[in-house]
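Coordinates from model-v4.txt are shown below (compact mmCIF, C-alpha atoms and all ligand atoms).
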```txt
# COMPACT_ATOMS: atom_id res chain seq x y z
CA MET A 1 -45.40 -28.42 14.56
CA ILE A 2 -43.51 -28.67 11.28
CA ASN A 3 -40.06 -27.07 10.99
CA THR A 4 -40.16 -24.24 8.51
CA PRO A 5 -36.89 -23.52 6.66
CA GLN A 6 -36.35 -20.50 8.90
CA GLN A 7 -36.83 -22.57 12.02
CA THR A 8 -34.38 -25.25 10.95
CA LYS A 9 -31.70 -22.66 10.35
CA LYS A 10 -32.09 -21.44 13.91
CA LEU A 11 -29.64 -22.70 16.48
CA GLN A 12 -31.63 -25.49 17.99
CA SER A 13 -30.67 -28.65 19.79
CA LYS A 14 -31.51 -31.96 18.16
CA LEU A 15 -34.00 -32.65 20.91
CA GLY A 16 -35.61 -29.26 20.41
CA ARG A 17 -36.01 -29.95 16.73
CA VAL A 18 -37.90 -33.21 17.16
CA ARG A 19 -40.01 -32.16 20.16
CA GLY A 20 -43.68 -32.01 19.32
CA LEU A 21 -43.35 -34.24 16.28
CA GLY A 22 -44.67 -37.23 18.21
CA SER A 23 -43.24 -40.16 20.09
CA THR A 24 -40.85 -42.57 18.37
CA ARG A 25 -43.07 -45.47 19.36
CA GLU A 26 -46.21 -43.99 17.83
CA GLY A 27 -45.44 -45.19 14.29
CA VAL A 28 -44.63 -48.69 15.48
CA HIS A 29 -47.88 -48.85 17.40
CA HIS A 30 -49.82 -47.74 14.32
CA TRP A 31 -48.00 -50.30 12.17
CA TRP A 32 -48.76 -53.12 14.62
CA ALA A 33 -52.39 -52.13 15.00
CA GLN A 34 -52.78 -52.17 11.22
CA ARG A 35 -51.25 -55.70 10.98
CA MET A 36 -53.15 -57.09 13.98
CA SER A 37 -56.48 -55.79 12.72
CA ALA A 38 -55.64 -57.23 9.27
CA VAL A 39 -55.06 -60.67 10.80
CA ALA A 40 -58.38 -60.45 12.68
CA LEU A 41 -60.16 -59.35 9.52
CA LEU A 42 -59.04 -62.42 7.61
CA PRO A 43 -61.50 -64.87 9.24
CA LEU A 44 -64.09 -62.15 9.96
CA SER A 45 -64.40 -60.97 6.36
CA LEU A 46 -64.47 -64.52 5.00
CA TRP A 47 -67.27 -65.30 7.45
CA PHE A 48 -69.02 -62.14 6.28
CA VAL A 49 -68.85 -63.04 2.58
CA TYR A 50 -70.04 -66.55 3.36
CA SER A 51 -72.97 -65.14 5.36
CA LEU A 52 -73.90 -62.69 2.62
CA ILE A 53 -73.99 -65.53 0.11
CA SER A 54 -76.38 -67.52 2.30
CA LEU A 55 -78.43 -64.35 2.95
CA THR A 56 -78.87 -63.52 -0.75
CA GLY A 57 -82.47 -62.61 -1.51
CA THR A 58 -83.46 -62.73 2.14
CA ASP A 59 -86.53 -60.94 3.47
CA TYR A 60 -86.70 -58.77 6.59
CA ASP A 61 -87.87 -61.47 9.02
CA THR A 62 -85.26 -64.01 7.97
CA PHE A 63 -82.54 -61.40 8.21
CA ILE A 64 -83.62 -60.34 11.69
CA ALA A 65 -83.75 -63.98 12.79
CA TRP A 66 -80.25 -64.53 11.41
CA ALA A 67 -78.74 -61.37 12.92
CA SER A 68 -80.24 -62.02 16.35
CA GLU A 69 -78.65 -65.44 16.65
CA PHE A 70 -76.07 -65.07 19.41
CA GLY A 71 -73.02 -66.13 17.39
CA ASN A 72 -73.97 -63.98 14.42
CA SER A 73 -74.53 -60.90 16.61
CA VAL A 74 -71.12 -61.35 18.23
CA PHE A 75 -69.39 -61.81 14.88
CA LEU A 76 -71.18 -58.79 13.40
CA VAL A 77 -70.03 -56.56 16.27
CA LEU A 78 -66.46 -57.90 16.01
CA LEU A 79 -66.51 -57.33 12.24
CA VAL A 80 -67.77 -53.76 12.58
CA VAL A 81 -65.22 -52.85 15.27
CA THR A 82 -62.24 -54.41 13.48
CA MET A 83 -63.23 -53.16 10.05
CA PHE A 84 -63.69 -49.53 11.12
CA HIS A 85 -60.52 -49.63 13.22
CA HIS A 86 -58.42 -51.02 10.35
CA ALA A 87 -60.04 -48.67 7.81
CA GLN A 88 -59.41 -45.63 9.99
CA LEU A 89 -55.75 -46.57 10.50
CA GLY A 90 -55.32 -47.17 6.76
CA LEU A 91 -57.05 -43.96 5.68
CA GLN A 92 -54.82 -42.03 8.07
CA VAL A 93 -51.74 -43.27 6.16
CA VAL A 94 -53.33 -42.41 2.81
CA ILE A 95 -54.19 -38.90 3.99
CA GLU A 96 -50.71 -38.38 5.44
CA ASP A 97 -49.19 -39.39 2.09
CA TYR A 98 -51.25 -37.11 -0.15
CA VAL A 99 -52.31 -34.12 1.91
CA HIS A 100 -49.43 -31.80 2.60
CA SER A 101 -51.01 -28.83 4.31
CA GLU A 102 -50.72 -29.48 8.05
CA MET A 103 -54.12 -27.97 8.73
CA TRP A 104 -55.98 -30.03 6.14
CA LYS A 105 -54.06 -33.16 7.09
CA MET A 106 -54.99 -32.89 10.74
CA GLY A 107 -58.55 -31.91 9.91
CA MET A 108 -59.08 -34.82 7.56
CA VAL A 109 -57.48 -37.38 9.87
CA LEU A 110 -59.68 -36.19 12.74
CA PHE A 111 -62.73 -36.27 10.47
CA VAL A 112 -61.97 -39.88 9.48
CA LYS A 113 -61.31 -40.96 13.07
CA TYR A 114 -64.46 -39.37 14.52
CA GLY A 115 -66.47 -40.55 11.53
CA ALA A 116 -65.29 -44.12 12.12
CA VAL A 117 -66.40 -43.91 15.75
CA VAL A 118 -69.82 -42.49 14.84
CA PHE A 119 -70.59 -45.09 12.15
CA ALA A 120 -69.16 -47.99 14.14
CA ALA A 121 -71.25 -46.95 17.16
CA SER A 122 -74.42 -46.78 15.04
CA ALA A 123 -73.74 -50.18 13.51
CA ILE A 124 -73.03 -51.78 16.90
CA PHE A 125 -76.15 -50.23 18.39
CA ALA A 126 -78.14 -51.52 15.42
CA VAL A 127 -76.89 -55.08 16.02
CA LEU A 128 -77.66 -54.84 19.75
CA LYS A 129 -81.16 -53.52 19.05
CA ILE A 130 -81.83 -56.31 16.54
CA SER A 131 -80.53 -59.04 18.81
CA ILE A 132 -82.25 -57.80 21.97
CA ALA A 133 -85.50 -56.37 20.61
CA GLY A 134 -85.68 -58.97 17.82
CA MET B 135 -34.29 -31.43 5.37
CA PRO B 136 -37.21 -29.10 6.08
CA ASN B 137 -40.46 -30.98 5.85
CA ASP B 138 -42.14 -28.70 3.34
CA THR B 139 -39.44 -28.97 0.68
CA ARG B 140 -38.57 -32.65 0.84
CA PRO B 141 -39.66 -34.85 -2.08
CA LEU B 142 -43.06 -36.43 -1.66
CA SER B 143 -43.32 -40.18 -1.77
CA PRO B 144 -45.58 -41.29 -4.61
CA HIS B 145 -44.05 -39.89 -7.80
CA LEU B 146 -46.13 -42.14 -10.00
CA GLN B 147 -45.68 -40.25 -13.23
CA VAL B 148 -41.93 -40.98 -13.53
CA TYR B 149 -42.35 -44.75 -13.39
CA ARG B 150 -43.27 -47.18 -16.15
CA PRO B 151 -46.31 -49.21 -15.04
CA GLN B 152 -45.29 -52.65 -13.77
CA ILE B 153 -47.18 -55.48 -12.09
CA THR B 154 -45.47 -54.66 -8.78
CA SER B 155 -46.39 -50.97 -8.72
CA MET B 156 -49.87 -51.52 -10.18
CA LEU B 157 -50.78 -54.02 -7.47
CA SER B 158 -49.33 -51.73 -4.81
CA ILE B 159 -51.60 -48.87 -5.85
CA LEU B 160 -54.50 -51.30 -6.27
CA HIS B 161 -54.07 -52.34 -2.62
CA ARG B 162 -54.46 -48.72 -1.63
CA ILE B 163 -57.45 -48.13 -3.93
CA THR B 164 -59.25 -51.26 -2.72
CA GLY B 165 -58.48 -50.26 0.89
CA VAL B 166 -60.23 -46.93 0.33
CA VAL B 167 -63.10 -48.70 -1.48
CA LEU B 168 -63.46 -51.05 1.49
CA ALA B 169 -63.83 -48.05 3.79
CA PHE B 170 -67.01 -47.31 1.79
CA VAL B 171 -68.04 -50.94 2.26
CA ALA B 172 -67.77 -50.33 6.01
CA LEU B 173 -70.12 -47.36 5.63
CA LEU B 174 -72.51 -49.49 3.58
CA LEU B 175 -72.44 -52.19 6.25
CA ALA B 176 -73.30 -49.59 8.89
CA TYR B 177 -76.16 -48.29 6.72
CA TRP B 178 -77.48 -51.80 6.04
CA LEU B 179 -77.45 -52.85 9.72
CA SER B 180 -79.00 -49.54 10.79
CA ALA B 181 -81.74 -49.93 8.17
CA ALA B 182 -82.54 -53.39 9.54
CA ALA B 183 -82.68 -52.01 13.08
CA TYR B 184 -84.94 -49.19 11.88
CA GLY B 185 -87.64 -51.50 10.57
CA PRO B 186 -89.05 -53.44 7.62
CA GLU B 187 -89.61 -50.41 5.34
CA ALA B 188 -86.10 -49.04 5.74
CA PHE B 189 -84.60 -52.50 5.29
CA GLY B 190 -86.74 -53.05 2.20
CA ARG B 191 -85.45 -49.80 0.69
CA ALA B 192 -81.85 -50.84 1.40
CA GLN B 193 -82.42 -54.28 -0.14
CA ALA B 194 -84.10 -52.81 -3.23
CA LEU B 195 -81.12 -50.50 -3.71
CA LEU B 196 -78.62 -53.34 -3.34
CA GLU B 197 -80.56 -55.73 -5.58
CA SER B 198 -80.96 -53.23 -8.43
CA GLY B 199 -78.76 -53.56 -11.51
CA PHE B 200 -76.60 -50.69 -10.38
CA GLY B 201 -76.48 -52.08 -6.84
CA ARG B 202 -75.26 -55.44 -8.09
CA PHE B 203 -72.64 -53.78 -10.27
CA VAL B 204 -71.27 -51.88 -7.29
CA LEU B 205 -71.46 -54.95 -5.02
CA PHE B 206 -69.51 -56.96 -7.59
CA GLY B 207 -66.77 -54.33 -7.47
CA PHE B 208 -66.90 -54.43 -3.68
CA THR B 209 -66.53 -58.22 -3.72
CA PHE B 210 -63.44 -58.04 -5.91
CA SER B 211 -62.03 -55.24 -3.76
CA LEU B 212 -62.42 -57.34 -0.65
CA PHE B 213 -60.89 -60.49 -2.12
CA PHE B 214 -58.04 -58.62 -3.76
CA HIS B 215 -57.23 -56.60 -0.63
CA LEU B 216 -57.49 -59.72 1.51
CA CYS B 217 -55.21 -61.85 -0.71
CA ASN B 218 -52.76 -59.02 -1.27
CA GLY B 219 -52.92 -58.31 2.47
CA ILE B 220 -51.68 -61.85 3.08
CA ARG B 221 -48.86 -61.04 0.64
CA HIS B 222 -48.08 -57.92 2.69
CA LEU B 223 -48.04 -59.89 5.93
CA GLY B 224 -45.68 -62.39 4.26
CA TRP B 225 -43.27 -59.60 3.35
CA ASP B 226 -43.45 -58.31 6.92
CA MET B 227 -42.07 -61.69 7.95
CA LEU B 228 -39.45 -61.33 5.17
CA TRP B 229 -41.12 -64.06 3.18
CA GLY B 230 -41.22 -63.96 -0.64
CA PHE B 231 -39.14 -60.82 -0.95
CA GLU B 232 -37.14 -61.75 -4.09
CA LEU B 233 -38.26 -59.79 -7.16
CA SER B 234 -39.21 -62.97 -9.02
CA GLN B 235 -41.28 -64.14 -6.02
CA VAL B 236 -42.93 -60.71 -5.70
CA ARG B 237 -43.99 -60.91 -9.35
CA PHE B 238 -45.21 -64.49 -9.02
CA SER B 239 -47.23 -63.88 -5.85
CA GLY B 240 -48.70 -60.77 -7.45
CA ILE B 241 -50.02 -62.69 -10.43
CA LEU B 242 -51.26 -65.43 -8.09
CA VAL B 243 -53.14 -62.84 -6.00
CA LEU B 244 -54.84 -61.46 -9.13
CA ILE B 245 -55.91 -64.92 -10.30
CA VAL B 246 -57.09 -66.14 -6.88
CA SER B 247 -59.02 -62.97 -6.03
CA SER B 248 -60.74 -62.89 -9.43
CA ALA B 249 -61.64 -66.57 -9.09
CA LEU B 250 -63.02 -66.12 -5.56
CA THR B 251 -65.09 -63.13 -6.73
CA VAL B 252 -66.70 -65.07 -9.57
CA LEU B 253 -67.16 -68.16 -7.35
CA SER B 254 -68.93 -66.14 -4.64
CA TRP B 255 -71.36 -64.66 -7.14
CA LEU B 256 -72.05 -68.06 -8.67
CA MET B 257 -72.73 -69.39 -5.17
CA ALA B 258 -75.02 -66.45 -4.36
CA TYR B 259 -77.03 -66.92 -7.57
CA GLY B 260 -77.06 -70.67 -6.95
CA HIS B 261 -78.38 -70.01 -3.45
CA VAL B 262 -81.48 -68.24 -4.74
CA GLY B 263 -81.90 -70.87 -7.45
CA LYS B 264 -81.18 -68.53 -10.35
CA LEU B 265 -78.42 -70.64 -11.82
C1 LIG A 301 -62.54 -55.62 5.46
C2 LIG A 301 -62.30 -54.36 5.46
C3 LIG A 301 -60.96 -53.71 5.17
C4 LIG A 301 -60.81 -52.36 5.03
C5 LIG A 301 -61.91 -51.32 5.14
C6 LIG A 301 -59.41 -52.12 4.76
C7 LIG A 301 -58.87 -50.86 4.53
C8 LIG A 301 -57.52 -50.60 4.39
C9 LIG A 301 -56.94 -49.32 4.08
C10 LIG A 301 -57.73 -48.03 3.83
C11 LIG A 301 -55.59 -49.47 4.05
C12 LIG A 301 -54.55 -48.40 3.77
C13 LIG A 301 -54.01 -48.58 2.37
C14 LIG A 301 -52.66 -47.96 2.17
O1 LIG A 301 -52.04 -47.49 3.12
O2 LIG A 301 -52.20 -47.97 1.02
C15 LIG A 301 -55.31 -50.84 4.36
C16 LIG A 301 -54.04 -51.36 4.46
C17 LIG A 301 -53.78 -52.69 4.74
N1 LIG A 301 -54.69 -53.72 4.79
FE1 LIG A 301 -56.68 -53.51 4.78
N2 LIG A 301 -58.72 -53.31 4.77
C18 LIG A 301 -59.64 -54.32 5.02
C19 LIG A 301 -59.37 -55.67 5.08
C20 LIG A 301 -58.11 -56.23 5.12
C21 LIG A 301 -57.85 -57.64 5.23
C22 LIG A 301 -58.90 -58.75 5.31
C23 LIG A 301 -56.52 -57.79 5.23
C24 LIG A 301 -55.91 -59.17 5.32
C25 LIG A 301 -54.71 -59.48 5.42
C26 LIG A 301 -55.91 -56.45 5.14
C27 LIG A 301 -54.55 -56.14 5.14
C28 LIG A 301 -54.00 -54.90 5.05
C29 LIG A 301 -52.58 -54.61 5.18
C30 LIG A 301 -51.47 -55.60 5.47
C31 LIG A 301 -52.44 -53.20 4.99
C32 LIG A 301 -51.15 -52.38 5.06
C33 LIG A 301 -50.61 -52.18 3.69
C34 LIG A 301 -49.40 -51.29 3.69
O3 LIG A 301 -48.69 -51.21 4.69
O4 LIG A 301 -49.16 -50.67 2.65
N3 LIG A 301 -56.93 -55.52 5.06
N4 LIG A 301 -56.49 -51.52 4.55
```

Kindly present the structure from the file in structure tokens form.
Ligand code: HEM
Amino acid sequence: MINTPQQTKKLQSKLGRVRGLGSTREGVHHWWAQRMSAVALLPLSLWFVYSLISLTGTDYDTFIAWASEFGNSVFLVLLVVTMFHHAQLGLQVVIEDYVHSEMWKMGMVLFVKYGAVVFAASAIFAVLKISIAG
Amino acid sequence: MPNDTRPLSPHLQVYRPQITSMLSILHRITGVVLAFVALLLAYWLSAAAYGPEAFGRAQALLESGFGRFVLFGFTFSLFFHLCNGIRHLGWDMLWGFELSQVRFSGILVLIVSSALTVLSWLMAYGHVGKL
């Protein structure tokens, strides 16, 4: 939907020129989502590092016992969701800054977004399986 | 201006490296690194759900010399991005926006995140009694 030089020279209303470029509120929403997920990640990632320290050198059974504790399962799922959401929003900005071909940009952003969903889903399912099946 | 001829934002080569710009790009680099940490977390949890053998392979990989080296880098990335993220959130509330404050908080972030990285690893080694 990008204006080529030829298109911009055409007689076109201001509205016509911005149509299809996205809603004005979209950027603000993205910005807020990035900040809100960052705030949520503060306690979650500190909890994660703390847990990893206390899990150092752990064997399979101890890890399963730890991960299937109710509080730990909940925190793990929250961590996975928030982390992938924040990462996906951030990578979108990075891609938009460096990739200038519209096709590649859209392709890569979609790839990152779908990828985030796939990996987050697997990780969540893994936690559920561990905590339910033990 | 037509979109395909306007100047692109990061023109890094024309700037002299400074603490402000170096930390800015480091926030971006560590953010991308952390995306790989998210993938690793997904792999690790999936391996545990898969069973003892898969989890054992994952643990062996992480505990190897190379694994530890990478994990150390991941730890610093997390602490740096987290501390610098707080700095970002401060700026969003228009806090610490003077150039002298930006420089000071930048140096503080580097010191604190390096210290937290080393402290975490000392605690982890202490936890398994190898200290
Ligand atoms: C734990 C996993 C995390 C991942 C995977 C991650 C990933 C990313 C990525 C890829 C970006 C985009 C970088 C850029 O646009 O230059 C970003 C930006 C950001 N991150 Fe994180 N991050 C994580 C944790 C955190 C935490 C704990 C905070 C705490 C405050 C935080 C605060 C921010 C902020 C404020 C931005 C926006 C920076 C800007 O507008 O330039 N992030 N993150």

Can you list every residue of chain A that has an atom at most 8 Å from ligand LIG 301 (chain A), with its nearest atom pair and the distance in Å to one decimal, using all atoms listed in the file, ordered by chain then number, as CSV?
```
residue,atom,partner,partner_atom,distance
A:Trp31,CA,A:LIG301,O3,7.6
A:Gln34,CA,A:LIG301,C31,6.3
A:Arg35,CA,A:LIG301,C30,5.5
A:Ser37,CA,A:LIG301,C26,7.6
A:Ala38,CA,A:LIG301,C23,4.2
A:Val39,CA,A:LIG301,C25,5.5
A:Ala40,CA,A:LIG301,C22,7.6
A:Leu41,CA,A:LIG301,C22,4.4
A:Leu42,CA,A:LIG301,C22,4.3
A:Pro43,CA,A:LIG301,C22,7.7
A:Leu44,CA,A:LIG301,C22,7.8
A:Ser45,CA,A:LIG301,C1,5.7
A:Met83,CA,A:LIG301,C2,4.8
A:Phe84,CA,A:LIG301,C5,6.5
A:His86,CA,A:LIG301,C6,5.8
A:Ala87,CA,A:LIG301,C7,4.1
A:Gln88,CA,A:LIG301,C10,6.8
A:Leu89,CA,A:LIG301,C11,7.1
A:Gly90,CA,A:LIG301,C12,3.3
A:Leu91,CA,A:LIG301,C10,4.5
A:Gln92,CA,A:LIG301,C12,7.7
A:Val93,CA,A:LIG301,O1,5.2
A:Val94,CA,A:LIG301,O1,5.3
```

>> Tell me as an NGL selection string which residues belonging to chain A come within 6 Å of chain B, counting all atoms listed in the file.
In response: :A and (5 or 53 or 60 or 87 or 123 or 126 or 130)

Please define a box with edges along x, y and z of the file around all atoms of stretch 84-98 of chain A given in the file, extend it by 6 Å on each side, and return its centre and edge lengths in Å to one decimal, as AutoDock Vina command-line options.
```
--center_x -56.4 --center_y -44.1 --center_z 6.5 --size_x 26.5 --size_y 25.9 --size_z 25.4
```

>> Please report the interatomic distance between atom CA of A:Ser131 and atom CA of A:Ser73 in Å with one decimal.
In response: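 Answer for the atom CA of A:Ser131 to atom CA of A:Ser73 separation: 6.7 Å.
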
> Hey, which of B:Ser198, B:Leu205, B:Phe214, B:Arg191 ends up closest to B:Ile159? Count all atoms listed in the file.
Replying inline: B:Phe214

> In Å to one decimal, how far is atom CA of A:His29 from atom CA of A:Lys14?
Replying inline: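 Between atom CA of A:Lys14 and atom CA of A:His29 the gap is 23.5 Å.
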
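Here atom CA of B:Ser239 is placed at a distance of 26.9 Å from atom CA of B:Val204.
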
>> I want to know what sits within 9 Å of stretch 109-112 of chain A, based on only C-alpha atoms, with residues of the same chain fewer than 3 positions away left out; could you give that as a list in words?
In response: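 The residues that qualify are Gln88, Leu91, Gln92, Ile95, Glu96, Trp104, Lys105, Met106, Gly115, Ala116 and Val117 of chain A.
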
> If you count all atoms listed in the file, which residues fall within 12 Å of stretch 153-157 of chain B, apart from same-chain ones fewer than 4 positions away, as number ranges by chain?
Replying inline: B: 144-149, 161-165, 211, 214-215, 217-219, 221-222, 231-244

Kindly output stretch 227-238 of chain B as a short mmCIF file (atom, residue, chain, number, x, y, z; two decimals), in the coordinates of the input, after building all heavy atoms.
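Okay, rebuild.cif is ready:
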```cif
data_model
loop_
_atom_site.label_atom_id
_atom_site.label_comp_id
_atom_site.auth_asym_id
_atom_site.auth_seq_id
_atom_site.Cartn_x
_atom_site.Cartn_y
_atom_site.Cartn_z
N MET B 227 -42.86 -60.63 7.32
CA MET B 227 -42.07 -61.69 7.95
C MET B 227 -40.90 -62.07 7.04
O MET B 227 -40.37 -63.17 7.14
CB MET B 227 -42.97 -62.89 8.24
CG MET B 227 -44.06 -62.55 9.23
SD MET B 227 -45.09 -63.96 9.66
CE MET B 227 -46.06 -64.16 8.19
N LEU B 228 -40.57 -61.15 6.11
CA LEU B 228 -39.45 -61.33 5.17
C LEU B 228 -39.60 -62.58 4.33
O LEU B 228 -38.64 -63.24 3.99
CB LEU B 228 -38.11 -61.37 5.93
CG LEU B 228 -37.80 -60.10 6.71
CD1 LEU B 228 -36.47 -60.25 7.45
CD2 LEU B 228 -37.77 -58.89 5.79
N TRP B 229 -40.84 -62.87 3.97
CA TRP B 229 -41.12 -64.06 3.18
C TRP B 229 -41.48 -63.63 1.76
O TRP B 229 -42.30 -62.73 1.57
CB TRP B 229 -42.26 -64.84 3.83
CG TRP B 229 -42.54 -66.14 3.17
CD1 TRP B 229 -41.88 -67.31 3.38
CD2 TRP B 229 -43.55 -66.40 2.20
NE1 TRP B 229 -42.40 -68.29 2.60
CE2 TRP B 229 -43.43 -67.77 1.86
CE3 TRP B 229 -44.53 -65.63 1.57
CZ2 TRP B 229 -44.26 -68.37 0.92
CZ3 TRP B 229 -45.36 -66.23 0.64
CH2 TRP B 229 -45.21 -67.59 0.34
N GLY B 230 -40.88 -64.25 0.76
CA GLY B 230 -41.22 -63.96 -0.64
C GLY B 230 -40.76 -62.60 -1.11
O GLY B 230 -41.46 -61.94 -1.87
N PHE B 231 -39.59 -62.18 -0.69
CA PHE B 231 -39.14 -60.82 -0.95
C PHE B 231 -38.27 -60.69 -2.20
O PHE B 231 -37.92 -59.60 -2.60
CB PHE B 231 -38.38 -60.30 0.28
CG PHE B 231 -38.81 -58.95 0.71
CD1 PHE B 231 -40.14 -58.57 0.63
CD2 PHE B 231 -37.90 -58.04 1.21
CE1 PHE B 231 -40.55 -57.30 1.03
CE2 PHE B 231 -38.30 -56.78 1.61
CZ PHE B 231 -39.62 -56.42 1.53
N GLU B 232 -37.89 -61.82 -2.84
CA GLU B 232 -37.14 -61.75 -4.09
C GLU B 232 -38.04 -61.18 -5.18
O GLU B 232 -39.24 -61.45 -5.20
CB GLU B 232 -36.67 -63.15 -4.51
CG GLU B 232 -35.66 -63.80 -3.59
CD GLU B 232 -34.32 -63.06 -3.61
OE1 GLU B 232 -33.95 -62.55 -4.69
OE2 GLU B 232 -33.69 -63.00 -2.55
N LEU B 233 -37.44 -60.43 -6.12
CA LEU B 233 -38.26 -59.79 -7.16
C LEU B 233 -39.08 -60.81 -7.95
O LEU B 233 -40.26 -60.59 -8.24
CB LEU B 233 -37.37 -58.98 -8.11
CG LEU B 233 -38.13 -58.12 -9.11
CD1 LEU B 233 -39.11 -57.19 -8.40
CD2 LEU B 233 -37.18 -57.32 -9.98
N SER B 234 -38.47 -61.97 -8.26
CA SER B 234 -39.21 -62.97 -9.02
C SER B 234 -40.40 -63.49 -8.20
O SER B 234 -41.48 -63.70 -8.74
CB SER B 234 -38.29 -64.13 -9.40
OG SER B 234 -37.81 -64.76 -8.24
N GLN B 235 -40.19 -63.67 -6.89
CA GLN B 235 -41.28 -64.14 -6.02
C GLN B 235 -42.37 -63.07 -5.90
O GLN B 235 -43.56 -63.39 -5.87
CB GLN B 235 -40.74 -64.46 -4.62
CG GLN B 235 -39.77 -65.63 -4.58
CD GLN B 235 -39.13 -65.76 -3.22
OE1 GLN B 235 -38.75 -64.77 -2.60
NE2 GLN B 235 -39.00 -66.99 -2.73
N VAL B 236 -41.95 -61.80 -5.82
CA VAL B 236 -42.93 -60.71 -5.70
C VAL B 236 -43.82 -60.69 -6.95
O VAL B 236 -45.03 -60.52 -6.85
CB VAL B 236 -42.20 -59.36 -5.51
CG1 VAL B 236 -43.19 -58.21 -5.59
CG2 VAL B 236 -41.48 -59.32 -4.18
N ARG B 237 -43.21 -60.88 -8.11
CA ARG B 237 -43.99 -60.91 -9.35
C ARG B 237 -44.93 -62.11 -9.37
O ARG B 237 -46.11 -61.99 -9.68
CB ARG B 237 -43.06 -60.98 -10.57
CG ARG B 237 -42.27 -59.73 -10.78
CD ARG B 237 -42.03 -59.48 -12.27
NE ARG B 237 -41.26 -58.25 -12.45
CZ ARG B 237 -39.93 -58.25 -12.64
NH1 ARG B 237 -39.26 -59.39 -12.71
NH2 ARG B 237 -39.27 -57.12 -12.77
N PHE B 238 -44.40 -63.27 -8.99
CA PHE B 238 -45.21 -64.49 -9.02
C PHE B 238 -46.39 -64.38 -8.07
O PHE B 238 -47.53 -64.64 -8.46
CB PHE B 238 -44.34 -65.71 -8.66
CG PHE B 238 -45.12 -66.98 -8.56
CD1 PHE B 238 -45.52 -67.65 -9.71
CD2 PHE B 238 -45.46 -67.50 -7.32
CE1 PHE B 238 -46.26 -68.81 -9.62
CE2 PHE B 238 -46.20 -68.67 -7.23
CZ PHE B 238 -46.60 -69.32 -8.38
#
```
